[in-house]
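A quick write-up on the structure given underneath.
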Amino acid sequence: MTDALPEDVADVLNLVLNPDNPAHMALRRQVPQLEVHSHCECGCGTTYFDLDADTVEPAPTGPGTVVAADVQLITESGECPGEVLVFTRSGYLSWLEVCSWSDDIEVTLPTARRWLQPPS
């Protein structure tokens, strides 16, 4: 069973995939075609995707499973409690992982989204 891509997941992908990087631009073109396959059950926000590879071109990320993007999360106080990783398989978006490195600061998709926003 698949579901449409939620806005918060699309926003985090948009914030993590650098438009100046050719591989990231190719991955950005895949985002509108993504569907959610499943979520991590712990509540962190990690999301696994389904994608019809016939509808988009693969990104030049290499064969197999690759970390295509890795962005550290920085809180308002300057702490780094975790990171967001974007994984691909053979050039196609596969999953978005929200990782926590801290027992003191909860890292979830909403907090990652907030910490990734440029300061206003």
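Going through the structure tokens in order, the chains are called A, B, and so on, while each chain numbers its residues from 1 and the ligands are numbered from 1 in the order shown.
Excluding A:Ala68 and any residue on its chain fewer than 4 positions from it, the residues at most 7 Å away by only C-alpha atoms are A:Thr61, A:Val86, A:Phe87, A:Thr88.
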May I have the selected residues written with N, CA, C and O atoms, as a JSON list (two decimals), in the first residue's frame?
```json
[["chain", "number", "residue", "atom", "x", "y", "z"],
["A", 61, "THR", "N", 24.04, 8.89, -9.22],
["A", 61, "THR", "CA", 24.52, 8.67, -7.85],
["A", 61, "THR", "C", 25.32, 7.39, -7.70],
["A", 61, "THR", "O", 25.85, 7.14, -6.64],
["A", 86, "VAL", "N", 19.55, 11.11, 2.74],
["A", 86, "VAL", "CA", 18.71, 10.70, 1.61],
["A", 86, "VAL", "C", 19.42, 9.55, 0.91],
["A", 86, "VAL", "O", 20.57, 9.69, 0.48],
["A", 87, "PHE", "N", 18.74, 8.42, 0.83],
["A", 87, "PHE", "CA", 19.30, 7.23, 0.20],
["A", 87, "PHE", "C", 18.69, 7.01, -1.18],
["A", 87, "PHE", "O", 17.49, 7.24, -1.38],
["A", 88, "THR", "N", 19.54, 6.55, -2.10],
["A", 88, "THR", "CA", 19.06, 6.15, -3.41],
["A", 88, "THR", "C", 19.47, 4.71, -3.67],
["A", 88, "THR", "O", 20.39, 4.19, -3.05]]
```
>> Using DSSP secondary structure from the backbone, list all alpha helix (DSSP H) positions within stretch 17-86 of chain A, as a list in words.
In response: Pro22, Ala23, His24, Met25, Ala26, Leu27, Arg28, Arg29 and Gln30 of chain A
Write out, as a tab-separated table (two decimals), in the first residue's frame, the residues just selected, with N, CA, C and O atoms.
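Below is the file that was written, selection-v4.tsv:
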```
chain	number	residue	atom	x	y	z
A	22	PRO	N	24.22	18.61	-9.63
A	22	PRO	CA	23.49	17.94	-10.73
A	22	PRO	C	22.77	16.66	-10.31
A	22	PRO	O	21.65	16.41	-10.75
A	23	ALA	N	23.39	15.85	-9.46
A	23	ALA	CA	22.73	14.63	-9.00
A	23	ALA	C	21.50	14.97	-8.16
A	23	ALA	O	20.45	14.33	-8.29
A	24	HIS	N	21.62	15.99	-7.32
A	24	HIS	CA	20.48	16.40	-6.50
A	24	HIS	C	19.36	16.97	-7.37
A	24	HIS	O	18.18	16.76	-7.08
A	25	MET	N	19.71	17.68	-8.44
A	25	MET	CA	18.67	18.20	-9.34
A	25	MET	C	17.89	17.05	-9.98
A	25	MET	O	16.67	17.11	-10.09
A	26	ALA	N	18.60	16.01	-10.38
A	26	ALA	CA	17.92	14.84	-10.95
A	26	ALA	C	17.01	14.19	-9.91
A	26	ALA	O	15.90	13.76	-10.23
A	27	LEU	N	17.46	14.14	-8.66
A	27	LEU	CA	16.62	13.58	-7.59
A	27	LEU	C	15.42	14.47	-7.32
A	27	LEU	O	14.31	13.97	-7.05
A	28	ARG	N	15.60	15.78	-7.38
A	28	ARG	CA	14.47	16.71	-7.19
A	28	ARG	C	13.37	16.45	-8.22
A	28	ARG	O	12.18	16.57	-7.92
A	29	ARG	N	13.77	16.10	-9.43
A	29	ARG	CA	12.78	15.83	-10.48
A	29	ARG	C	11.98	14.55	-10.18
A	29	ARG	O	10.90	14.35	-10.72
A	30	GLN	N	12.50	13.69	-9.32
A	30	GLN	CA	11.80	12.46	-8.94
A	30	GLN	C	10.76	12.70	-7.85
A	30	GLN	O	9.81	11.93	-7.72
```
- Message: Can you tell me which residues surround A:Val31 at a distance of at most 9 Å, considering only C-alpha atoms, apart from same-chain residues fewer than 3 positions away, and format the answer as a PyMOL selection string?
- Response: chain A and resi 5+10+13-14+27-28+34-35+51+93
Checklist entry - Skipping near chain neighbours, those fewer than 4 positions away, what residues fall within 9 Å of A:Ser90 using only C-alpha atoms, listed as a PyMOL selection string? => result chain A and resi 58-66
* Using only C-alpha atoms, find the one residue out of A:Gly45, A:Gly78, A:His37, A:Gly91 that sits nearest to A:Glu57. =>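 Of A:Gly45, A:Gly78, A:His37, A:Gly91, the one nearest A:Glu57, counting only C-alpha atoms, is A:Gly91.
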Checklist line | Near-A:Gln72 list (8 Å; only C-alpha atoms; drop same-chain fewer than 3 positions) as a PyMOL selection string | finding: chain A and resi 80+82-84
Expected file: the selected residues, N, CA and C atoms, as an mmCIF file, in the first residue's frame:
```cif
data_model
loop_
_atom_site.group_PDB
_atom_site.id
_atom_site.type_symbol
_atom_site.label_atom_id
_atom_site.label_comp_id
_atom_site.auth_asym_id
_atom_site.auth_seq_id
_atom_site.Cartn_x
_atom_site.Cartn_y
_atom_site.Cartn_z
ATOM 1 N N CYS A 80 24.144 20.005 17.714
ATOM 2 C CA CYS A 80 23.956 19.124 16.558
ATOM 3 C C CYS A 80 23.438 17.770 17.059
ATOM 4 N N GLY A 82 21.592 15.495 15.438
ATOM 5 C CA GLY A 82 21.345 14.427 14.477
ATOM 6 C C GLY A 82 21.565 14.892 13.056
ATOM 7 N N GLU A 83 21.023 14.109 12.130
ATOM 8 C CA GLU A 83 21.196 14.416 10.719
ATOM 9 C C GLU A 83 20.035 13.863 9.911
ATOM 10 N N VAL A 84 19.965 14.326 8.673
ATOM 11 C CA VAL A 84 19.011 13.809 7.699
ATOM 12 C C VAL A 84 19.829 13.227 6.552
#
```
Which is closest to A:Asp70 among A:Asp11, A:Asp3, A:Glu97, A:Asp103, if we use only C-alpha atoms?
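Of the candidates, the smallest distance to A:Asp70 is held by A:Glu97.
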| task | Measuring atom to atom with only C-alpha atoms, identify which of A:Thr75, A:Ser38, A:Gln33, A:Ser100 is nearest to A:Thr55. | result |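 That would be A:Gln33, the residue with the smallest distance to A:Thr55.
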Atom CA of A:Val107 to atom CA of A:Val36 measures 20.2 Å
- prompt: So what do you get for atom CA of A:Glu41 versus atom CA of A:Leu85, distance-wise?
  reply: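 Distance between the two atoms: 17.4 Å.
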*Polymer residues at most 12 Å from A:Leu73, only C-alpha atoms, same-chain spacing of 3 or more positions, as a PyMOL selection string*: chain A and resi 12+15-16+70+76-85+98-102+105-118
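The closest residue to A:Ala69, picked from A:Cys44, A:Ala4, A:Leu96, A:Ala53 and counting only C-alpha atoms, is A:Leu96.
Inside stretch 17-75 of chain A, the residues DSSP reads as strand (DSSP E or B) when given the backbone are Glu35, Val36, His37, Ser38, His39, Thr47, Tyr48, Phe49, Asp50, Thr65, Val66, Val67, Ala68, Ala69, Asp70, Val71, Gln72 and Leu73 of chain A.
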Those same residues, written as a PDB file, in the first residue's frame with N, CA and C atoms?
```
ATOM      1  N   GLU A  35       5.869   8.106  -3.863  1.00  0.00           N
ATOM      2  CA  GLU A  35       4.784   7.714  -2.984  1.00  0.00           C
ATOM      3  C   GLU A  35       5.407   7.114  -1.737  1.00  0.00           C
ATOM      4  N   VAL A  36       4.712   7.202  -0.632  1.00  0.00           N
ATOM      5  CA  VAL A  36       5.216   6.649   0.626  1.00  0.00           C
ATOM      6  C   VAL A  36       4.864   5.165   0.687  1.00  0.00           C
ATOM      7  N   HIS A  37       5.892   4.369   0.857  1.00  0.00           N
ATOM      8  CA  HIS A  37       5.696   2.926   1.036  1.00  0.00           C
ATOM      9  C   HIS A  37       5.421   2.627   2.512  1.00  0.00           C
ATOM     10  N   SER A  38       6.253   3.232   3.403  1.00  0.00           N
ATOM     11  CA  SER A  38       6.082   3.027   4.841  1.00  0.00           C
ATOM     12  C   SER A  38       6.895   4.059   5.606  1.00  0.00           C
ATOM     13  N   HIS A  39       6.676   4.085   6.915  1.00  0.00           N
ATOM     14  CA  HIS A  39       7.398   4.970   7.832  1.00  0.00           C
ATOM     15  C   HIS A  39       8.040   4.112   8.922  1.00  0.00           C
ATOM     16  N   THR A  47      11.178   7.828   6.240  1.00  0.00           N
ATOM     17  CA  THR A  47      10.129   7.505   5.284  1.00  0.00           C
ATOM     18  C   THR A  47      10.726   6.704   4.127  1.00  0.00           C
ATOM     19  N   TYR A  48      10.073   5.613   3.774  1.00  0.00           N
ATOM     20  CA  TYR A  48      10.499   4.747   2.679  1.00  0.00           C
ATOM     21  C   TYR A  48       9.589   4.991   1.477  1.00  0.00           C
ATOM     22  N   PHE A  49      10.199   5.062   0.289  1.00  0.00           N
ATOM     23  CA  PHE A  49       9.466   5.476  -0.907  1.00  0.00           C
ATOM     24  C   PHE A  49       9.241   4.346  -1.894  1.00  0.00           C
ATOM     25  N   ASP A  50       8.202   4.526  -2.701  1.00  0.00           N
ATOM     26  CA  ASP A  50       7.988   3.768  -3.928  1.00  0.00           C
ATOM     27  C   ASP A  50       8.070   4.784  -5.054  1.00  0.00           C
ATOM     28  N   THR A  65      22.979   0.923  -3.356  1.00  0.00           N
ATOM     29  CA  THR A  65      22.427   1.869  -2.385  1.00  0.00           C
ATOM     30  C   THR A  65      23.498   2.886  -2.030  1.00  0.00           C
ATOM     31  N   VAL A  66      23.139   4.165  -2.135  1.00  0.00           N
ATOM     32  CA  VAL A  66      24.072   5.273  -1.937  1.00  0.00           C
ATOM     33  C   VAL A  66      23.430   6.327  -1.042  1.00  0.00           C
ATOM     34  N   VAL A  67      24.232   6.926  -0.148  1.00  0.00           N
ATOM     35  CA  VAL A  67      23.784   8.123   0.576  1.00  0.00           C
ATOM     36  C   VAL A  67      24.011   9.287  -0.377  1.00  0.00           C
ATOM     37  N   ALA A  68      22.934   9.811  -0.933  1.00  0.00           N
ATOM     38  CA  ALA A  68      23.033  10.887  -1.918  1.00  0.00           C
ATOM     39  C   ALA A  68      23.105  12.258  -1.263  1.00  0.00           C
ATOM     40  N   ALA A  69      22.606  12.365  -0.041  1.00  0.00           N
ATOM     41  CA  ALA A  69      22.658  13.633   0.692  1.00  0.00           C
ATOM     42  C   ALA A  69      22.734  13.332   2.178  1.00  0.00           C
ATOM     43  N   ASP A  70      23.501  14.160   2.878  1.00  0.00           N
ATOM     44  CA  ASP A  70      23.714  13.993   4.320  1.00  0.00           C
ATOM     45  C   ASP A  70      23.856  15.390   4.903  1.00  0.00           C
ATOM     46  N   VAL A  71      22.874  15.806   5.699  1.00  0.00           N
ATOM     47  CA  VAL A  71      22.885  17.155   6.267  1.00  0.00           C
ATOM     48  C   VAL A  71      22.740  17.070   7.783  1.00  0.00           C
ATOM     49  N   GLN A  72      23.688  17.666   8.480  1.00  0.00           N
ATOM     50  CA  GLN A  72      23.616  17.710   9.939  1.00  0.00           C
ATOM     51  C   GLN A  72      22.571  18.730  10.365  1.00  0.00           C
ATOM     52  N   LEU A  73      21.877  18.406  11.441  1.00  0.00           N
ATOM     53  CA  LEU A  73      20.850  19.287  11.997  1.00  0.00           C
ATOM     54  C   LEU A  73      21.467  20.146  13.097  1.00  0.00           C
TER      55      LEU A  73
END
```
Separation of atom CA of A:Cys40 from atom CA of A:Asn21 in Å:
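It comes out at 28.1 Å.
Shortest atom-to-atom contact with A:Pro6 among A:Arg89, A:Cys42, A:Pro32, A:Asp52: A:Pro32, counting only C-alpha atoms.
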